[in-house]
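Asks: Next up, upload-v3.cif (mmCIF, C-alpha atoms).
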data_run
loop_
_atom_site.label_atom_id
_atom_site.label_comp_id
_atom_site.auth_asym_id
_atom_site.auth_seq_id
_atom_site.Cartn_x
_atom_site.Cartn_y
_atom_site.Cartn_z
CA ALA W 1 42.20 105.14 -48.65
CA ASN W 2 41.06 101.81 -47.18
CA ASP W 3 40.83 100.22 -50.63
CA MET W 4 44.30 101.50 -51.47
CA LEU W 5 45.79 100.20 -48.22
CA HIS W 6 44.21 96.77 -48.54
CA GLU W 7 45.28 96.44 -52.16
CA LEU W 8 48.89 97.50 -51.56
CA TYR W 9 49.27 95.88 -48.14
CA PRO W 10 46.85 92.92 -47.81
CA GLU W 11 48.05 92.21 -44.28
CA VAL W 12 47.01 95.66 -43.04
CA THR W 13 44.11 96.03 -40.59
CA THR W 14 42.37 99.41 -40.36
CA ILE W 15 40.36 100.43 -37.29
CA ALA W 16 38.05 103.44 -37.05
CA GLU W 17 37.57 105.48 -33.87
CA ASP W 18 34.12 106.95 -34.38
CA VAL W 19 31.27 107.87 -32.04
CA SER W 20 28.65 108.75 -34.67
CA GLY W 21 27.48 105.18 -35.27
CA LEU W 22 27.85 105.63 -39.02
CA PRO W 23 26.35 102.35 -40.32
CA THR W 24 28.58 101.99 -43.39
CA LEU W 25 31.89 102.63 -41.64
CA CYS W 26 33.03 99.00 -41.80
CA ARG W 27 31.25 97.96 -44.97
CA PRO W 28 33.21 97.50 -48.25
CA VAL W 29 33.66 100.53 -50.46
CA ALA W 30 31.97 98.57 -53.25
CA GLU W 31 28.80 98.62 -51.13
CA GLY W 32 29.04 102.35 -50.56
CA GLY W 33 30.84 101.92 -47.26
CA ILE W 34 34.10 103.43 -46.03
CA GLY W 35 35.94 100.12 -45.87
CA PHE W 36 37.42 99.92 -42.37
CA ASP W 37 38.03 96.42 -40.99
CA TYR W 38 36.94 97.22 -37.44
CA ARG W 39 35.41 100.05 -35.45
CA MET W 40 36.07 100.87 -31.81
CA HIS W 41 33.18 99.97 -29.47
CA MET W 42 33.51 103.30 -27.67
CA GLY W 43 30.38 102.90 -25.57
CA ILE W 44 31.84 100.06 -23.50
CA PRO W 45 34.42 102.02 -21.47
CA ASP W 46 31.85 104.77 -20.94
CA MET W 47 29.45 102.16 -19.55
CA TRP W 48 32.04 100.87 -17.06
CA VAL W 49 32.86 104.43 -15.95
CA LYS W 50 29.15 105.06 -15.40
CA LEU W 51 28.69 101.87 -13.38
CA LEU W 52 31.85 102.32 -11.32
CA SER W 53 30.97 105.96 -10.61
CA GLY W 54 27.37 105.21 -9.69
CA PRO W 55 25.59 102.77 -7.38
CA ALA W 56 27.33 99.84 -5.70
CA ASP W 57 27.79 96.75 -7.84
CA GLU W 58 25.00 94.89 -6.04
CA GLN W 59 22.65 97.33 -7.77
CA TRP W 60 24.06 96.88 -11.27
CA SER W 61 21.56 95.80 -13.90
CA MET W 62 22.57 92.61 -15.69
CA GLN W 63 20.30 93.46 -18.62
CA TYR W 64 21.94 96.87 -18.97
CA ILE W 65 25.45 95.38 -19.06
CA VAL W 66 24.47 92.81 -21.69
CA SER W 67 22.58 95.29 -23.85
CA GLN W 68 25.41 97.83 -23.85
CA LEU W 69 28.05 95.22 -24.69
CA CYS W 70 25.90 93.93 -27.57
CA LEU W 71 24.99 97.39 -28.87
CA ARG W 72 26.51 96.89 -32.31
CA ARG W 73 25.67 95.40 -35.70
CA VAL W 74 26.66 91.81 -34.98
CA GLY W 75 27.53 89.95 -38.18
CA LEU W 76 27.56 93.11 -40.28
CA GLU W 77 30.48 95.06 -38.82
CA LYS W 78 33.39 93.91 -36.69
CA THR W 79 34.14 95.88 -33.54
CA ILE W 80 37.01 96.18 -31.06
CA ALA W 81 35.95 95.79 -27.43
CA TYR W 82 37.90 97.41 -24.61
CA THR W 83 37.34 98.36 -21.00
CA GLU W 84 39.37 101.56 -20.93
CA SER W 85 41.73 103.68 -23.01
CA HIS W 86 43.55 106.99 -22.71
CA ASP W 87 40.15 108.71 -22.51
CA GLN W 88 39.49 107.01 -19.17
CA SER W 89 43.05 107.28 -17.84
CA ILE W 90 44.08 110.87 -18.52
CA VAL W 91 44.54 113.36 -15.70
CA GLY W 92 41.33 114.15 -13.88
CA SER W 93 40.02 110.63 -14.35
CA ASN W 94 41.14 107.25 -13.03
CA PRO W 95 41.81 103.78 -14.47
CA ILE W 96 39.42 100.97 -13.58
CA ALA W 97 41.75 99.49 -10.98
CA PHE W 98 41.85 102.72 -8.98
CA ARG W 99 38.10 103.24 -9.36
CA LEU W 100 37.64 99.81 -7.80
CA MET W 101 40.29 99.86 -5.08
CA GLY W 102 41.08 103.54 -4.52
CA GLU W 103 43.73 104.60 -2.05
CA SER W 104 44.00 101.02 -0.78
CA MET W 105 46.17 100.30 -3.81
CA LYS W 106 48.93 102.40 -2.27
CA HIS W 107 49.35 100.27 0.85
CA SER W 108 47.43 96.98 0.53
CA MET W 109 48.61 95.32 -2.68
CA SER W 110 51.28 93.12 -1.06
CA VAL W 111 50.48 89.42 -1.11
CA ASP W 112 50.10 87.66 2.24
CA LEU W 113 49.40 83.99 1.57
CA SER W 114 48.45 83.40 5.21
CA ARG W 115 45.22 85.38 4.86
CA ARG W 116 42.76 86.77 2.33
CA PRO W 117 43.29 90.24 0.87
CA PRO W 118 41.60 93.25 2.48
CA VAL W 119 37.92 93.50 1.52
CA THR W 120 38.42 96.45 -0.84
CA ILE W 121 41.30 94.75 -2.64
CA GLU W 122 39.52 91.40 -2.86
CA ARG W 123 36.43 93.05 -4.37
CA GLY W 124 38.55 95.08 -6.78
CA LEU W 125 40.59 92.11 -7.99
CA ALA W 126 37.45 90.03 -8.54
CA LEU W 127 35.53 92.68 -10.48
CA HIS W 128 38.59 93.74 -12.48
CA LYS W 129 38.87 90.18 -13.82
CA MET W 130 35.14 89.86 -14.48
CA ILE W 131 34.87 93.22 -16.25
CA ARG W 132 37.63 92.32 -18.66
CA LEU W 133 36.33 88.84 -19.46
CA ILE W 134 32.70 89.82 -20.03
CA THR W 135 33.90 92.65 -22.26
CA MET W 136 35.89 90.16 -24.30
CA ALA W 137 33.06 87.61 -24.32
CA LEU W 138 30.27 89.92 -25.47
CA GLY W 139 31.78 93.16 -26.71
CA GLY W 140 33.17 92.49 -30.17
CA GLU W 141 35.34 90.52 -32.55
CA GLY W 142 38.62 91.91 -31.22
CA TYR W 143 39.95 93.05 -27.85
CA LEU W 144 42.08 96.10 -27.04
CA ASN W 145 44.15 96.52 -23.91
CA PHE W 146 45.26 99.94 -22.74
CA MET W 147 48.83 99.93 -21.47
CA GLY W 148 48.87 98.95 -17.82
CA ASN W 149 45.24 97.82 -17.68
CA GLU W 150 46.40 94.21 -17.95
CA PHE W 151 47.92 94.34 -14.45
CA GLY W 152 45.74 97.02 -12.85
CA HIS W 153 47.90 100.11 -13.18
CA PRO W 154 46.90 102.48 -10.37
CA ASP W 155 47.69 105.89 -11.86
CA TRP W 156 46.32 108.14 -14.57
CA VAL W 157 48.41 109.46 -17.44
CA ASP W 158 49.57 113.09 -17.44
CA PHE W 159 52.18 114.51 -19.75
CA PRO W 160 54.51 117.40 -18.82
CA ARG W 161 52.67 120.71 -19.16
CA GLU W 162 52.47 124.10 -17.55
CA GLY W 163 49.57 123.03 -15.32
CA ASN W 164 51.66 120.36 -13.54
CA GLY W 165 54.94 122.25 -13.54
CA TYR W 166 56.18 120.12 -16.45
CA SER W 167 56.34 117.12 -14.17
CA HIS W 168 57.15 113.63 -15.48
CA ASP W 169 55.69 111.88 -12.40
CA PHE W 170 52.64 110.52 -14.27
CA CYS W 171 54.18 110.43 -17.73
CA ARG W 172 55.05 106.76 -17.37
CA ARG W 173 53.76 103.27 -16.69
CA LYS W 174 54.92 101.36 -13.62
CA TRP W 175 55.85 98.14 -15.41
CA TYR W 176 57.72 96.89 -12.36
CA LEU W 177 54.39 96.27 -10.62
CA ALA W 178 53.65 93.46 -13.07
CA ASP W 179 57.01 91.83 -12.33
CA ASN W 180 56.65 91.96 -8.56
CA HIS W 181 55.83 88.44 -7.35
CA LEU W 182 54.84 89.82 -3.95
CA SER W 183 52.10 92.05 -5.40
CA TYR W 184 48.48 91.34 -6.31
CA HIS W 185 49.17 93.01 -9.66
CA ARG W 186 50.76 89.76 -10.83
CA PHE W 187 47.41 87.95 -10.50
CA LEU W 188 45.70 90.52 -12.71
CA LEU W 189 48.44 90.07 -15.31
CA ARG W 190 48.11 86.29 -15.16
CA TRP W 191 44.38 86.65 -15.74
CA ASP W 192 45.02 88.79 -18.81
CA CYS W 193 47.42 86.15 -20.16
CA ALA W 194 44.80 83.45 -19.46
CA MET W 195 42.09 85.36 -21.36
CA HIS W 196 44.30 85.74 -24.40
CA THR W 197 45.35 82.10 -24.24
CA LEU W 198 41.67 81.16 -24.19
CA GLU W 199 41.10 83.22 -27.34
CA GLU W 200 44.17 81.73 -29.03
CA ASN W 201 43.01 78.21 -28.23
CA PHE W 202 39.35 78.60 -29.19
CA GLN W 203 39.21 81.75 -31.38
CA PHE W 204 35.75 82.43 -29.98
CA MET W 205 35.76 86.17 -30.71
CA THR W 206 35.63 85.60 -34.46
CA ALA W 207 33.13 82.73 -34.31
CA GLY W 208 29.61 83.17 -35.60
CA HIS W 209 27.65 81.94 -32.61
CA LEU W 210 26.90 84.54 -29.90
CA TRP W 211 24.01 84.12 -27.51
CA CYS W 212 23.12 85.32 -24.03
CA SER W 213 20.84 82.67 -22.58
CA SER W 214 20.35 84.38 -19.21
CA HIS W 215 20.81 87.69 -17.44
CA HIS W 216 19.15 87.04 -14.09
CA GLU W 217 18.66 90.25 -12.13
CA SER W 218 18.12 88.87 -8.63
CA ASP W 219 20.81 86.18 -8.92
CA LYS W 220 23.13 88.71 -10.66
CA VAL W 221 24.18 85.92 -13.04
CA ILE W 222 24.88 86.23 -16.76
CA VAL W 223 25.31 83.18 -19.04
CA VAL W 224 26.81 83.70 -22.49
CA GLU W 225 27.54 81.30 -25.34
CA ARG W 226 30.36 82.20 -27.71
CA ASP W 227 31.02 79.52 -30.31
CA GLU W 228 31.43 76.28 -28.30
CA LEU W 229 32.19 78.04 -25.01
CA VAL W 230 29.76 78.77 -22.18
CA PHE W 231 30.69 81.80 -20.03
CA VAL W 232 29.11 82.12 -16.58
CA PHE W 233 29.39 85.36 -14.56
CA ASN W 234 28.17 85.72 -10.98
CA PHE W 235 28.19 89.43 -10.15
CA HIS W 236 26.42 88.95 -6.83
CA PRO W 237 28.61 90.41 -4.04
CA THR W 238 27.80 87.75 -1.43
CA ASN W 239 25.76 84.86 -2.83
CA ASP W 240 27.58 81.63 -3.62
CA TYR W 241 25.33 79.30 -5.60
CA PHE W 242 25.39 75.52 -5.33
CA ASP W 243 23.96 73.12 -7.93
CA TYR W 244 23.26 76.06 -10.23
CA LYS W 245 21.72 75.15 -13.59
CA VAL W 246 22.91 76.82 -16.81
CA GLY W 247 21.72 76.30 -20.37
CA ALA W 248 23.98 74.72 -22.98
CA PRO W 249 23.94 74.95 -26.79
CA GLU W 250 24.62 71.22 -27.23
CA GLY W 251 24.37 68.05 -25.23
CA GLY W 252 27.42 66.25 -23.89
CA ASN W 253 30.05 66.61 -21.22
CA TYR W 254 31.40 70.03 -20.28
CA LYS W 255 34.71 70.87 -18.63
CA ILE W 256 35.98 74.11 -17.14
CA VAL W 257 38.72 75.87 -19.12
CA LEU W 258 38.99 79.21 -17.32
CA ASP W 259 38.17 80.24 -13.76
CA SER W 260 38.65 83.62 -12.08
CA ASP W 261 38.51 81.90 -8.67
CA ALA W 262 41.55 79.72 -9.42
CA SER W 263 44.35 80.27 -6.94
CA ILE W 264 46.88 80.88 -9.72
CA VAL W 265 45.01 84.08 -10.62
CA GLY W 266 44.39 85.21 -7.05
CA GLY W 267 41.14 83.38 -6.32
CA GLN W 268 40.18 81.08 -3.47
CA GLY W 269 40.16 77.86 -5.50
CA ARG W 270 36.61 76.82 -4.70
CA VAL W 271 35.57 75.56 -8.13
CA PRO W 272 36.51 71.96 -9.04
CA HIS W 273 38.53 71.81 -12.27
CA HIS W 274 38.68 68.08 -12.93
CA LYS W 275 35.00 67.23 -12.85
CA SER W 276 33.13 66.59 -16.09
CA LEU W 277 29.61 68.07 -16.12
CA THR W 278 27.04 66.10 -18.12
CA THR W 279 24.07 67.83 -19.70
CA GLN W 280 20.47 66.77 -19.36
CA PRO W 281 17.80 67.36 -22.03
CA GLU W 282 15.43 70.23 -21.31
CA GLY W 283 12.01 70.02 -22.89
CA ILE W 284 11.17 69.56 -26.55
CA PRO W 285 13.75 70.57 -29.18
CA GLY W 286 12.47 73.52 -31.17
CA ASN W 287 9.87 74.46 -28.55
CA SER W 288 11.54 77.22 -26.53
CA LYS W 289 8.64 77.39 -24.06
CA THR W 290 9.56 73.93 -22.79
CA ASN W 291 13.32 74.53 -22.70
CA PHE W 292 15.52 75.95 -19.94
CA ASN W 293 16.33 79.57 -20.79
CA GLY W 294 15.60 78.72 -24.40
CA ARG W 295 18.19 75.91 -24.50
CA CYS W 296 17.48 72.24 -25.17
CA PHE W 297 20.23 71.15 -22.78
CA ALA W 298 21.54 72.24 -19.39
CA PHE W 299 24.20 71.20 -16.90
CA ILE W 300 24.61 71.75 -13.18
CA LEU W 301 27.49 73.77 -11.71
CA PRO W 302 28.58 72.30 -8.36
CA VAL W 303 29.46 75.78 -7.10
CA LEU W 304 29.31 79.30 -8.53
CA PRO W 305 31.07 81.60 -6.03
CA ALA W 306 30.15 85.25 -5.65
CA ARG W 307 32.04 87.72 -7.88
CA THR W 308 33.60 85.04 -10.03
CA CYS W 309 33.36 83.87 -13.63
CA GLN W 310 34.07 80.56 -15.33
CA VAL W 311 34.24 79.30 -18.90
CA TYR W 312 33.22 75.80 -19.98
CA THR W 313 33.61 73.84 -23.21
CA ARG W 314 32.09 70.61 -24.49
CA THR W 315 34.83 68.03 -24.11
CA THR W 316 33.96 66.20 -27.33
CA ASN W 317 34.72 69.31 -29.36
CA ARG W 318 38.46 69.22 -28.74
CA THR W 319 41.05 68.13 -26.23
CA THR W 320 39.96 68.39 -22.61
CA ASP W 321 43.23 70.09 -21.72
CA SER W 322 42.97 73.66 -22.96
CA GLY W 323 46.41 74.64 -21.69
CA VAL W 324 45.06 77.98 -20.37
CA PHE W 325 46.36 77.60 -16.82
CA ASP W 326 49.32 75.47 -17.87
CA SER W 327 50.61 78.43 -19.84
CA LEU W 328 50.75 80.52 -16.67
CA GLU W 329 53.00 78.23 -14.66
#
Can you turn what I pasted into structure tokens?
Replies:
Amino acid sequence: ANDMLHELYPEVTTIAEDVSGLPTLCRPVAEGGIGFDYRMHMGIPDMWVKLLSGPADEQWSMQYIVSQLCLRRVGLEKTIAYTESHDQSIVGSNPIAFRLMGESMKHSMSVDLSRRPPVTIERGLALHKMIRLITMALGGEGYLNFMGNEFGHPDWVDFPREGNGYSHDFCRRKWYLADNHLSYHRFLLRWDCAMHTLEENFQFMTAGHLWCSSHHESDKVIVVERDELVFVFNFHPTNDYFDYKVGAPEGGNYKIVLDSDASIVGGQGRVPHHKSLTTQPEGIPGNSKTNFNGRCFAFILPVLPARTCQVYTRTTNRTTDSGVFDSLE
């Protein structure tokens, strides 16, 4: 069937939803495979449910998150990464936003620019952004969004049936939340737009280079390289880091292109955006024991706030203006 579809409709993309781990699912039929273009990375949303249903985020294992996101045949089969789908949002379960913020979403999502959000909302907004970006950065060659996840939809999905008196109350998506400029939902939507703009500008998800140079358990920091981009995630709930060193794949000057702490996406605006960060050599090239986290170069982050993530690119690779935040104005 896949051969027939690709021959008759070359523009078609086929995606398999399979939990067996069948190794030939996305290999060509000529190799004895089944010929799908992508497979769903179904373990990722299950991982987030497990983490959000278990211990507090200060106890999350960075190594576990990285290993689960990378649990696929990189370079041999393409996968679709996603944080949640209908399986996580049907009646009896809850979407990620509600798992993070709970009942506070019903009365504390209105923006008050004169003060910071309530603690529960601030934590939820921060982790919601980080969860989506690290899933995109490490989880596969494509990214799937479940309807409403892009702006933190608070409700599950439930279709009319005898058990709910054939109610239509949850048989809908509250799209108006994304359009409400007085709601924190708009910041989550802006972040989703920024992530996709980053992918459109750099096409990092389909690039060959993927490397996690650090998953530091006590710092709760993960550093990931995807093509020319360096992703930095600080999952620590309270620790802001100053002059924090991260490894780099190449020497040169690095500039920030995405920041979850930017005010335009609901952050506190603590990370400087117009400062070029210059790498320093680290040890002997080719001798990993002398390098920093196995990298021959490193640069210093002026500040890495708690529960935030940033993306950097080498400025000599392309224009220093990525247009990511400009597209959100």
Asks: Apply the PyMOL selection byres ((chain W and resi 178) around 12) to the displayed file and report the matching residues as a PDB file with C-alpha atoms, in the coordinates of the input.
Replies:
ATOM      1  CA  MET W 109      48.610  95.320  -2.680  1.00  0.00           C
ATOM      2  CA  MET W 147      48.830  99.930 -21.470  1.00  0.00           C
ATOM      3  CA  GLY W 148      48.870  98.950 -17.820  1.00  0.00           C
ATOM      4  CA  ASN W 149      45.240  97.820 -17.680  1.00  0.00           C
ATOM      5  CA  GLU W 150      46.400  94.210 -17.950  1.00  0.00           C
ATOM      6  CA  PHE W 151      47.920  94.340 -14.450  1.00  0.00           C
ATOM      7  CA  GLY W 152      45.740  97.020 -12.850  1.00  0.00           C
ATOM      8  CA  HIS W 153      47.900 100.110 -13.180  1.00  0.00           C
ATOM      9  CA  PRO W 154      46.900 102.480 -10.370  1.00  0.00           C
ATOM     10  CA  ARG W 173      53.760 103.270 -16.690  1.00  0.00           C
ATOM     11  CA  LYS W 174      54.920 101.360 -13.620  1.00  0.00           C
ATOM     12  CA  TRP W 175      55.850  98.140 -15.410  1.00  0.00           C
ATOM     13  CA  TYR W 176      57.720  96.890 -12.360  1.00  0.00           C
ATOM     14  CA  LEU W 177      54.390  96.270 -10.620  1.00  0.00           C
ATOM     15  CA  ASP W 179      57.010  91.830 -12.330  1.00  0.00           C
ATOM     16  CA  ASN W 180      56.650  91.960  -8.560  1.00  0.00           C
ATOM     17  CA  HIS W 181      55.830  88.440  -7.350  1.00  0.00           C
ATOM     18  CA  LEU W 182      54.840  89.820  -3.950  1.00  0.00           C
ATOM     19  CA  SER W 183      52.100  92.050  -5.400  1.00  0.00           C
ATOM     20  CA  TYR W 184      48.480  91.340  -6.310  1.00  0.00           C
ATOM     21  CA  HIS W 185      49.170  93.010  -9.660  1.00  0.00           C
ATOM     22  CA  ARG W 186      50.760  89.760 -10.830  1.00  0.00           C
ATOM     23  CA  PHE W 187      47.410  87.950 -10.500  1.00  0.00           C
ATOM     24  CA  LEU W 188      45.700  90.520 -12.710  1.00  0.00           C
ATOM     25  CA  LEU W 189      48.440  90.070 -15.310  1.00  0.00           C
ATOM     26  CA  ARG W 190      48.110  86.290 -15.160  1.00  0.00           C
ATOM     27  CA  TRP W 191      44.380  86.650 -15.740  1.00  0.00           C
ATOM     28  CA  ASP W 192      45.020  88.790 -18.810  1.00  0.00           C
ATOM     29  CA  CYS W 193      47.420  86.150 -20.160  1.00  0.00           C
TER      30      CYS W 193
END
Asks: Please indicate the distance in Å from atom CA of Ala137 of chain W to atom CA of Leu210 of chain W, rounded to one decimal place.
Replies: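 Atom CA of Ala137 of chain W sits 8.9 Å away from atom CA of Leu210 of chain W.
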Asks: Which centre and which edge lengths, in Å to one decimal, describe the axis-aligned box that holds all listed atoms of segment 169-183 of chain W after 6 Å is added on each side, as AutoDock Vina command-line options?
Replies:
--center_x 54.9 --center_y 100.2 --center_z -10.8 --size_x 17.6 --size_y 35.4 --size_z 25.8
Asks: Using all atoms listed in the file, find the one residue out of W:Leu258, W:Val246, W:Ala16, W:Leu5 that sits nearest to His274 of chain W.
Replies: W:Leu258
Asks: When you count only C-alpha atoms, which of these residues is closest to Ala207 of chain W: W:Trp48, W:Ile96, W:Val74, W:Gln280?
Replies: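 Counting only C-alpha atoms, the residue closest to Ala207 of chain W is W:Val74.
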Asks: Counting all atoms listed in the file, which residues in segment 164-209 of chain W sit no more than 8 Å from segment 223-238 of chain W? For each one, give the nearest pair of atoms and the distance in Å, sorted by chain then residue number, as a Markdown table.
Replies:
| residue | atom | partner | partner_atom | distance |
| --- | --- | --- | --- | --- |
| W:Phe204 | CA | W:Asp227 | CA | 5.6 |
| W:Met205 | CA | W:Arg226 | CA | 7.3 |
| W:Ala207 | CA | W:Asp227 | CA | 5.5 |
| W:Gly208 | CA | W:Asp227 | CA | 6.6 |
| W:His209 | CA | W:Asp227 | CA | 4.7 |
Asks: Translate the PyMOL selection byres ((chain W and resi 68) around 10), as applied to the file shown, into an explicit residue set as a list in words.
Replies: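 On this input, the PyMOL selection byres ((chain W and resi 68) around 10) captures His41, Gly43, Ile44, Asp46, Met47, Trp48, Gln63, Tyr64, Ile65, Val66, Ser67, Leu69, Cys70, Leu71, Arg72, Leu138 and Gly139 of chain W.
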Asks: Please compute the atom CA of Gly142 of chain W-atom CA of Ile80 of chain W distance, one decimal, in Å.
Replies: 4.6 Å
Asks: Enumerate, as JSON, numbers by chain, the residues matched when the PyMOL selection byres ((chain W and resi 268) around 12) is run on the file above.
Replies: {"W": [113, 115, 116, 117, 122, 125, 126, 259, 260, 261, 262, 263, 264, 265, 266, 267, 269, 270, 271, 272, 305, 306, 307, 308]}
Asks: Mind pulling up the distance from atom CA of Val49 of chain W to atom CA of Ser85 of chain W?
Replies: 11.4 Å
Asks: Closest to Leu127 of chain W among W:Tyr38, W:Tyr166, W:Phe98, W:Phe159, using only C-alpha atoms?
Replies: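 Answer, going by the shortest atom-to-atom distance: W:Phe98.
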